[in-house]
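Participant: Take this structure first; my questions come after.
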Amino acid sequence: MNALDTVFTTCREEGRAALMAYLPAGFPDNQASREAMVAVAETGADIIEVGVPYTDPLMDGPVIQDAADRALAAGFRVRDLLGNVEAVAAAGAVPVVMSYWNPILRYGPDAFARDLAAAGGAGMVTPDLIPDEAGQWRAAAESHGLAPIFLVAPSSTDARLAMTTAACRGFVYVASTMGVTGTRTSVGAGARQLVERTRSVTDLPLCVGLGVSTGAQAAEVASFADGVIVGSALVRALGDGLDAGAGLGPLRELTAELAEGVRRS
Amino acid sequence: MTERLGRFGDFGGRFVPEALIAALEELDEARTQAMADPAFTEELARLHRDYTGRPTPLTEVPRFAEHAGGARVFLKREDLTHTGSHKINNVLGQALLTVRMGKRRVIAETGAGQHGVATATAAALMGLDCTVYMGEKDTRRQALNVARMRLLGAEVIPVSHGSATLKDAINEALRDWVTNVEDTHYLLGTVTGPHPFPTMVRDFHRVIGDEAHDQLRAVTGGLPDVVCACVGGGSNAMGIFHRFRDEPSVRLVGFEAGGEGVQTGRHSARFSTGEPGVLHGAATYVLQDEDGQTLDSHSVSAGLDYPSVGPEHAYLRDTGRAEYQPVNDDEAMEAFALLCRTEGILPALESAHALAGALRVGRESAPGTVILVNLSGRGDKDVETAAQWFGLTGDDTTAAGDGELGTRPPEHAPDHPHAPAEGIEA
Ligand SMILES: Cc1ncc(COP(=O)(O)O)c(C=O)c1O
């Protein structure tokens, strides 16, 4: 059984949604990014999405773009993320990777799957790789026991929802709004509707992302989804905290607020 | 492999977020139906004739050809279209499709500004809202085109992220599209991106090669021996190559920007040092590092300054049907000056790469070789860059008349002779 299956079973038993935190590897540098991920794991995140900084992140808004630029400027190499994955696993959270496809293609999909599995990773979310194009990745993930995780969107047809969720393992990433990553003042009625449409075609856990930034939003999403994904808000808390000399304090505070949010009922 | 959706061998495909798939499907269906609908094709043909000014002429350039080893050189004059480059062919087609799909807003990326100008033009003509993304570096070196787009009513958004050139403008346009896809069409300007863009954009540019084929036959009675085109994303090249693909006697040669020289690392020669990868939705050749991070490209010509290339070119290259060679900045500038002075035609810097290539191919070929060159655009937008390059600005009245054709008077060289593109930023 994949670690993702275990964590969602546990959350279900506790009557709550899972908290999934996105942070980029290498931001602001390798060491600090690992400390940040461990802090988030210790403060209540169940799953950590280890982001791979990329030069052309076309699904990301300004906060994550800037973080990727800073990581690359600091010399981030793709293989460095394995250190983050190990640190997250050691801290007791479930690590999954989130990467655009070209860095993985370049690494070699099978070699990447092998190394990620060896480091304790559970799967990978691929924002620009749809199942239609993912034959090579799905085979590599399968042979190394990793979960391929694809996205569904409000514009997905019912046929594509069925096809995409059938290709997923672990959970389904429900991109709640049309758009790129970034915080939003409201998560939108569209999220609930998309979760309902997706539920009718799969039994996998459904995790909602794009736009969540507060405990209240986390609680709202947790009322209809199995997992709440938070990215930009945490990346900003990390960057602002470090820049203001407040260290990981603001990141821990926000994580604690979100962890409380997914436990409200 | 070839029967997979939108694939050219192993290249092409759809490497984009799921959120865009519905819009790509809608577009694919709309363009397939439109191309089979006489109402659509007749309207497009009417616009080409009455608005764009097609057919564009085919001009033989004997004084220029004296420098090409005895070859006969013919230029397909896309520079004479309304808006001044081939880009309008594709833009009018996609703008009509936008209206047909019931969308009211178009967005576009632009490098040299020619695609942005063409899009702003079509948007004005058809009453569509228009936003153009342009790398900040390009807004400076193509300032004239920024003003043109704004005069035409378009919003121009400079993109300062990443390398602040065409690739970053495409990223930003894709982000806009994924957010506003319901009422917005992304009017992509070249033969790359996710399916159906590479095929659709090629089909809207086929008219270039179709016309040139017939025009050349009327003059020489036969086919060209060689067809030359510059290759940025690759749209003008696919447009002129397509008609000749199944004519095995015709050599197809694409010229990429060699920038300051392939060995310097400051270039856009994807087929010289790039490797297969994925960028902007397509599997193709990409300038990338060991980690798959995209490398910055360089060229004196903004329209060729792009780290990736249309997937069909990758396929033509790997199958050997077409060849691709780099042309450095200084060779392109020499050819630019030569065409100005021998024929009275001021070409776009992009097209100057194809002209330099034709000179090279001509010198290597037997006398009498017939070379067809796609003169993809005119050089009005490049006057300032060229004036800087050749030292023709300021009060010095002698520079323009002196000196050999195409040589760059050293005393008038810009401050940074190794970075001519930067020379105009002041
Ligand atoms: C005149 C001209 N030629 C060529 C190009 C390069 O584009 P493509 O390779 O798609 O023809 C451009 C792009 O801006 C251009 O303006």
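Identifiers for the structure tokens are assigned positionally: chains receive A, B, ... in sequence, residues are indexed from 1 per chain, and ligands are indexed from 1 in the order shown.
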Name all residues at most 12 Å from Glu142 (chain A) (count only C-alpha atoms; drop same-chain ones fewer than 4 positions away) and give them as a list in words.
Facilitator: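 In the requested form, the answer reads Asn2, Pro109, Asp110, Ala113, Arg114, Ala117, Ala122, Gly123, Met124, Ala134, Gly135, Gln136, Trp137, Arg138, Leu146, Ala147, Pro148, Ile149, Ala167, Cys168, Arg169 and Gly170 of chain A.
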Participant: Those residues with N, CA and C atoms, as a compact mmCIF listing (two decimals), in the first residue's frame please?
Facilitator:
# COMPACT_ATOMS: atom_id res chain seq x y z
N ASN A 2 0.58 2.17 -0.86
CA ASN A 2 1.34 3.40 -0.96
C ASN A 2 1.06 4.27 0.28
N PRO A 109 12.66 9.57 -17.15
CA PRO A 109 11.52 9.24 -16.30
C PRO A 109 11.74 8.01 -15.43
N ASP A 110 12.35 6.98 -15.97
CA ASP A 110 12.52 5.78 -15.16
C ASP A 110 13.55 6.00 -14.06
N ALA A 113 11.93 8.08 -11.37
CA ALA A 113 11.01 7.29 -10.54
C ALA A 113 11.80 6.41 -9.56
N ARG A 114 12.85 5.79 -10.05
CA ARG A 114 13.68 4.93 -9.20
C ARG A 114 14.27 5.74 -8.04
N ALA A 117 11.56 7.04 -5.54
CA ALA A 117 11.06 5.96 -4.68
C ALA A 117 12.10 5.62 -3.61
N ALA A 122 6.33 9.37 -2.52
CA ALA A 122 5.13 8.55 -2.74
C ALA A 122 4.54 8.72 -4.13
N GLY A 123 4.86 9.81 -4.80
CA GLY A 123 4.26 10.04 -6.12
C GLY A 123 4.67 11.37 -6.69
N MET A 124 4.05 11.72 -7.80
CA MET A 124 4.37 13.01 -8.42
C MET A 124 3.14 13.60 -9.10
N ALA A 134 1.27 10.64 -21.13
CA ALA A 134 2.06 10.20 -19.99
C ALA A 134 2.41 8.72 -20.00
N GLY A 135 2.35 8.07 -21.15
CA GLY A 135 2.61 6.64 -21.19
C GLY A 135 3.91 6.25 -20.51
N GLN A 136 4.96 6.97 -20.84
CA GLN A 136 6.29 6.65 -20.31
C GLN A 136 6.32 6.85 -18.78
N TRP A 137 5.72 7.95 -18.33
CA TRP A 137 5.73 8.24 -16.89
C TRP A 137 4.88 7.24 -16.12
N ARG A 138 3.74 6.89 -16.66
CA ARG A 138 2.88 5.96 -15.94
C ARG A 138 3.55 4.60 -15.79
N LEU A 146 5.22 4.22 -7.44
CA LEU A 146 4.87 5.62 -7.20
C LEU A 146 3.48 5.92 -7.76
N ALA A 147 2.84 6.93 -7.17
CA ALA A 147 1.52 7.34 -7.64
C ALA A 147 1.66 8.45 -8.68
N PRO A 148 1.18 8.23 -9.92
CA PRO A 148 1.07 9.35 -10.85
C PRO A 148 -0.20 10.13 -10.50
N ILE A 149 -0.07 11.43 -10.34
CA ILE A 149 -1.22 12.26 -9.94
C ILE A 149 -1.44 13.32 -11.00
N ALA A 167 -6.42 7.21 -14.47
CA ALA A 167 -4.96 7.15 -14.61
C ALA A 167 -4.25 7.53 -13.31
N CYS A 168 -5.00 8.13 -12.36
CA CYS A 168 -4.38 8.59 -11.10
C CYS A 168 -4.24 7.45 -10.11
N ARG A 169 -3.23 7.55 -9.26
CA ARG A 169 -3.12 6.71 -8.07
C ARG A 169 -2.94 7.64 -6.89
N GLY A 170 -3.33 7.21 -5.68
CA GLY A 170 -3.10 8.01 -4.48
C GLY A 170 -4.19 9.03 -4.24
Participant: Let me see if you get this right: every residue at most 7 Å from ligand 1, counting only C-alpha atoms and all ligand atoms, written as a ChimeraX atom specification.
Facilitator: /B:85-87,110-115,189-191,230-237,302-304,348,350-351,376-378
Participant: Quick one: which chain B residues come within 8 Å of chain A, and what is the nearest atom pair for each with the distance in Å to one decimal, counting only C-alpha atoms, rows ordered by chain and ascending number, as JSON lines?
Facilitator:
{"residue": "B:Gly13", "atom": "CA", "partner": "A:Glu133", "partner_atom": "CA", "distance": 7.4}
{"residue": "B:Arg14", "atom": "CA", "partner": "A:Glu133", "partner_atom": "CA", "distance": 7.2}
{"residue": "B:Phe15", "atom": "CA", "partner": "A:Asp128", "partner_atom": "CA", "distance": 5.4}
{"residue": "B:Val16", "atom": "CA", "partner": "A:Asp128", "partner_atom": "CA", "distance": 4.4}
{"residue": "B:Pro17", "atom": "CA", "partner": "A:Asp128", "partner_atom": "CA", "distance": 4.5}
{"residue": "B:Glu18", "atom": "CA", "partner": "A:Val152", "partner_atom": "CA", "distance": 6.2}
{"residue": "B:Ala19", "atom": "CA", "partner": "A:Ala153", "partner_atom": "CA", "distance": 5.1}
{"residue": "B:Leu20", "atom": "CA", "partner": "A:Ser155", "partner_atom": "CA", "distance": 7.7}
{"residue": "B:Ile21", "atom": "CA", "partner": "A:Ser156", "partner_atom": "CA", "distance": 7.5}
{"residue": "B:Ala22", "atom": "CA", "partner": "A:Ser155", "partner_atom": "CA", "distance": 6.1}
{"residue": "B:Gly162", "atom": "CA", "partner": "A:Thr55", "partner_atom": "CA", "distance": 7.1}
{"residue": "B:Asp168", "atom": "CA", "partner": "A:Asp56", "partner_atom": "CA", "distance": 7.5}
{"residue": "B:Asn171", "atom": "CA", "partner": "A:Leu58", "partner_atom": "CA", "distance": 5.3}
{"residue": "B:Glu172", "atom": "CA", "partner": "A:Leu58", "partner_atom": "CA", "distance": 7.2}
{"residue": "B:Leu174", "atom": "CA", "partner": "A:Leu58", "partner_atom": "CA", "distance": 6.6}
{"residue": "B:Arg175", "atom": "CA", "partner": "A:Leu58", "partner_atom": "CA", "distance": 6.0}
{"residue": "B:Asp176", "atom": "CA", "partner": "A:Gly179", "partner_atom": "CA", "distance": 7.7}
{"residue": "B:Val178", "atom": "CA", "partner": "A:Gly179", "partner_atom": "CA", "distance": 5.2}
{"residue": "B:Thr179", "atom": "CA", "partner": "A:Gly179", "partner_atom": "CA", "distance": 3.9}
{"residue": "B:Asn180", "atom": "CA", "partner": "A:Met178", "partner_atom": "CA", "distance": 7.6}
{"residue": "B:Gly277", "atom": "CA", "partner": "A:Asn102", "partner_atom": "CA", "distance": 6.1}
{"residue": "B:Val278", "atom": "CA", "partner": "A:Asn102", "partner_atom": "CA", "distance": 5.4}
{"residue": "B:Leu279", "atom": "CA", "partner": "A:Asn102", "partner_atom": "CA", "distance": 7.3}
{"residue": "B:Gly281", "atom": "CA", "partner": "A:Asp128", "partner_atom": "CA", "distance": 7.9}
{"residue": "B:Glu290", "atom": "CA", "partner": "A:Arg106", "partner_atom": "CA", "distance": 7.2}
{"residue": "B:Asp291", "atom": "CA", "partner": "A:Pro103", "partner_atom": "CA", "distance": 5.6}
{"residue": "B:Gly292", "atom": "CA", "partner": "A:Pro103", "partner_atom": "CA", "distance": 4.4}
{"residue": "B:Gln293", "atom": "CA", "partner": "A:Thr55", "partner_atom": "CA", "distance": 5.7}
{"residue": "B:Thr294", "atom": "CA", "partner": "A:Thr55", "partner_atom": "CA", "distance": 6.0}
Participant: Please return as a list of chain:residue names: the residues of region 68-239 of chain A that backbone DSSP assigns to strand (DSSP E).
Facilitator: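 Those in region 68-239 of chain A that DSSP calls strand (DSSP E) are A:Val94, A:Pro95, A:Val96, A:Val97, A:Met98, A:Gly123, A:Met124, A:Val125, A:Ala147, A:Pro148, A:Ile149, A:Leu151, A:Val152, A:Val172, A:Tyr173, A:Val174, A:Ala175, A:Leu206, A:Cys207, A:Val208, A:Gly209, A:Gly227, A:Val228, A:Ile229, A:Val230.
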Participant: Rounded to one decimal in Å, what is the spacing between CA of Leu44 (chain B) and CA of Ala23 (chain B)?
Facilitator: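 Separation of CA of Leu44 (chain B) and CA of Ala23 (chain B): 22.4 Å.
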Participant: Within 8 Å of region 352-364 of chain B, counting only C-alpha atoms, which residues qualify if same-chain residues fewer than 6 places away don't, as a ChimeraX atom specification?
Facilitator: /B:65,67-71,73,228-230,254-257,327-328,331-336,371,373-375
Participant: List the spatial neighbours of Ala73 (chain A) as a list in words - criterion: any atom at most 10 Å away, only C-alpha atoms, same-chain residues fewer than 6 positions off excluded.
Facilitator: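 Using only C-alpha atoms, the neighbours found are Gly26, Phe27, Pro28, Asp29 and Ala67 of chain A.
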Participant: Using only C-alpha atoms, determine which residues lie at most 8 Å from Gly209 (chain B), disregarding the query and same-chain residues fewer than 4 positions distant; provide the list as a ChimeraX atom specification.
Facilitator: /B:205,213,239-244
Participant: Residues within 8 Å of Leu82 (chain A), please, as a ChimeraX atom specification. Count only C-alpha atoms; anything in the same chain fewer than 6 positions from it doesn't count.
Facilitator: /A:115-116,119
Participant: Could you save those same residues with N, CA, C and O atoms as a tab-separated table (two decimals), in the first residue's frame?
Facilitator:
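Produced file selection-v4.tsv, reproduced below:
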chain	number	residue	atom	x	y	z
A	115	ASP	N	14.85	6.91	-8.34
A	115	ASP	CA	15.52	7.70	-7.30
A	115	ASP	C	14.51	8.30	-6.33
A	115	ASP	O	14.78	8.40	-5.13
A	116	LEU	N	13.37	8.71	-6.86
A	116	LEU	CA	12.34	9.29	-5.98
A	116	LEU	C	11.81	8.23	-5.01
A	116	LEU	O	11.65	8.49	-3.81
A	119	ALA	N	14.24	7.53	-2.29
A	119	ALA	CA	14.34	8.60	-1.29
A	119	ALA	C	13.12	8.64	-0.37
A	119	ALA	O	13.09	9.42	0.57
Participant: Just want the 12 Å neighbourhood of Gly247 (chain A), counted on only C-alpha atoms, with same-chain residues fewer than 3 positions away dropped. Output as number ranges by chain.
Facilitator: A: 28, 32-33, 35-36, 39, 237-244, 250-253
Participant: I need the residues from that last selection saved to file as a CSV table (one decimal), in the first residue's frame (with all heavy atoms), if you can.
Facilitator:
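This went into result.csv:
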chain,number,residue,atom,x,y,z
A,28,PRO,N,14.7,29.3,0.0
A,28,PRO,CA,15.6,30.1,-0.8
A,28,PRO,C,16.9,29.5,-1.2
A,28,PRO,O,17.6,29.9,-2.1
A,28,PRO,CB,15.8,31.3,0.2
A,28,PRO,CG,15.7,30.7,1.5
A,28,PRO,CD,14.7,29.6,1.4
A,32,ALA,N,17.8,25.7,3.6
A,32,ALA,CA,16.7,26.4,4.2
A,32,ALA,C,15.4,25.8,3.7
A,32,ALA,O,14.4,25.7,4.4
A,32,ALA,CB,16.8,27.9,3.8
A,33,SER,N,15.3,25.3,2.5
A,33,SER,CA,14.1,24.7,2.0
A,33,SER,C,13.8,23.4,2.7
A,33,SER,O,12.6,23.1,3.0
A,33,SER,CB,14.1,24.5,0.5
A,33,SER,OG,14.9,23.4,0.1
A,35,GLU,N,14.7,22.8,5.8
A,35,GLU,CA,14.2,23.1,7.2
A,35,GLU,C,12.8,23.6,7.2
A,35,GLU,O,12.0,23.3,8.1
A,35,GLU,CB,15.1,24.2,7.7
A,35,GLU,CG,16.5,23.7,8.1
A,35,GLU,CD,17.6,24.8,8.3
A,35,GLU,OE1,17.2,26.0,8.4
A,35,GLU,OE2,18.7,24.4,8.5
A,36,ALA,N,12.4,24.3,6.1
A,36,ALA,CA,11.1,24.8,6.0
A,36,ALA,C,10.1,23.7,5.9
A,36,ALA,O,9.0,23.7,6.5
A,36,ALA,CB,11.0,25.8,4.8
A,39,ALA,N,9.7,22.0,9.1
A,39,ALA,CA,8.8,22.8,10.0
A,39,ALA,C,7.3,22.6,9.7
A,39,ALA,O,6.5,22.5,10.6
A,39,ALA,CB,9.2,24.3,9.9
A,237,ALA,N,4.7,33.2,3.0
A,237,ALA,CA,5.0,33.3,4.4
A,237,ALA,C,6.4,32.9,4.6
A,237,ALA,O,7.1,33.5,5.5
A,237,ALA,CB,4.0,32.3,5.2
A,238,LEU,N,6.9,31.9,3.9
A,238,LEU,CA,8.3,31.5,4.0
A,238,LEU,C,9.3,32.7,3.6
A,238,LEU,O,10.2,33.1,4.3
A,238,LEU,CB,8.6,30.3,3.2
A,238,LEU,CG,10.1,29.8,3.1
A,238,LEU,CD1,10.7,29.6,4.4
A,238,LEU,CD2,10.2,28.6,2.2
A,239,GLY,N,9.0,33.2,2.4
A,239,GLY,CA,9.9,34.2,1.8
A,239,GLY,C,9.8,35.5,2.7
A,239,GLY,O,10.9,36.1,3.0
A,240,ASP,N,8.6,35.9,3.0
A,240,ASP,CA,8.5,37.2,3.8
A,240,ASP,C,9.1,37.0,5.2
A,240,ASP,O,9.8,37.9,5.7
A,240,ASP,CB,7.0,37.6,4.0
A,240,ASP,CG,6.4,38.1,2.7
A,240,ASP,OD1,7.1,38.2,1.7
A,240,ASP,OD2,5.2,38.3,2.7
A,241,GLY,N,8.9,35.8,5.8
A,241,GLY,CA,9.5,35.6,7.1
A,241,GLY,C,11.0,35.7,7.1
A,241,GLY,O,11.6,36.3,7.9
A,242,LEU,N,11.6,35.0,6.1
A,242,LEU,CA,13.0,35.1,6.0
A,242,LEU,C,13.5,36.5,5.8
A,242,LEU,O,14.5,36.9,6.4
A,242,LEU,CB,13.5,34.1,5.0
A,242,LEU,CG,13.3,32.6,5.3
A,242,LEU,CD1,13.7,31.7,4.1
A,242,LEU,CD2,14.0,32.1,6.5
A,243,ASP,N,12.9,37.2,4.8
A,243,ASP,CA,13.3,38.5,4.4
A,243,ASP,C,13.2,39.5,5.6
A,243,ASP,O,14.0,40.4,5.7
A,243,ASP,CB,12.5,39.0,3.2
A,243,ASP,CG,12.9,38.2,1.9
A,243,ASP,OD1,13.9,37.5,2.0
A,243,ASP,OD2,12.1,38.4,1.0
A,244,ALA,N,12.2,39.3,6.4
A,244,ALA,CA,11.9,40.2,7.6
A,244,ALA,C,12.7,39.8,8.8
A,244,ALA,O,12.6,40.4,9.9
A,244,ALA,CB,10.4,40.2,7.9
A,250,PRO,N,6.5,32.9,10.7
A,250,PRO,CA,5.2,33.1,10.0
A,250,PRO,C,4.8,31.8,9.2
A,250,PRO,O,3.6,31.6,9.1
A,250,PRO,CB,5.6,34.2,9.0
A,250,PRO,CG,6.8,34.9,9.6
A,250,PRO,CD,7.5,33.8,10.4
A,251,LEU,N,5.7,31.0,8.8
A,251,LEU,CA,5.4,29.8,8.0
A,251,LEU,C,4.7,28.8,9.0
A,251,LEU,O,3.7,28.2,8.7
A,251,LEU,CB,6.6,29.2,7.4
A,251,LEU,CG,6.4,27.9,6.6
A,251,LEU,CD1,5.6,28.1,5.4
A,251,LEU,CD2,7.8,27.2,6.3
A,252,ARG,N,5.3,28.7,10.2
A,252,ARG,CA,4.7,27.8,11.2
A,252,ARG,C,3.3,28.2,11.6
A,252,ARG,O,2.4,27.4,11.7
A,252,ARG,CB,5.6,27.7,12.4
A,252,ARG,CG,6.8,26.9,12.3
A,252,ARG,CD,7.6,26.9,13.6
A,252,ARG,NE,8.9,26.3,13.5
A,252,ARG,CZ,9.2,25.0,13.6
A,252,ARG,NH1,8.2,24.2,13.8
A,252,ARG,NH2,10.4,24.6,13.4
A,253,GLU,N,3.2,29.6,11.8
A,253,GLU,CA,1.9,30.1,12.2
A,253,GLU,C,0.8,29.8,11.2
A,253,GLU,O,-0.3,29.4,11.5
A,253,GLU,CB,1.9,31.6,12.4
A,253,GLU,CG,2.5,32.0,13.8
A,253,GLU,CD,2.9,33.5,13.8
A,253,GLU,OE1,2.1,34.3,13.2
A,253,GLU,OE2,3.9,33.8,14.4
Participant: Can you pull out every residue from region 15-245 of chain B that DSSP, working from the backbone, puts in alpha helix (DSSP H), and format the result as a ChimeraX atom specification?
Facilitator: /B:21-35,38-47,62-65,87-100,114-126,136-141,143-151,166-180,197-220,235-241
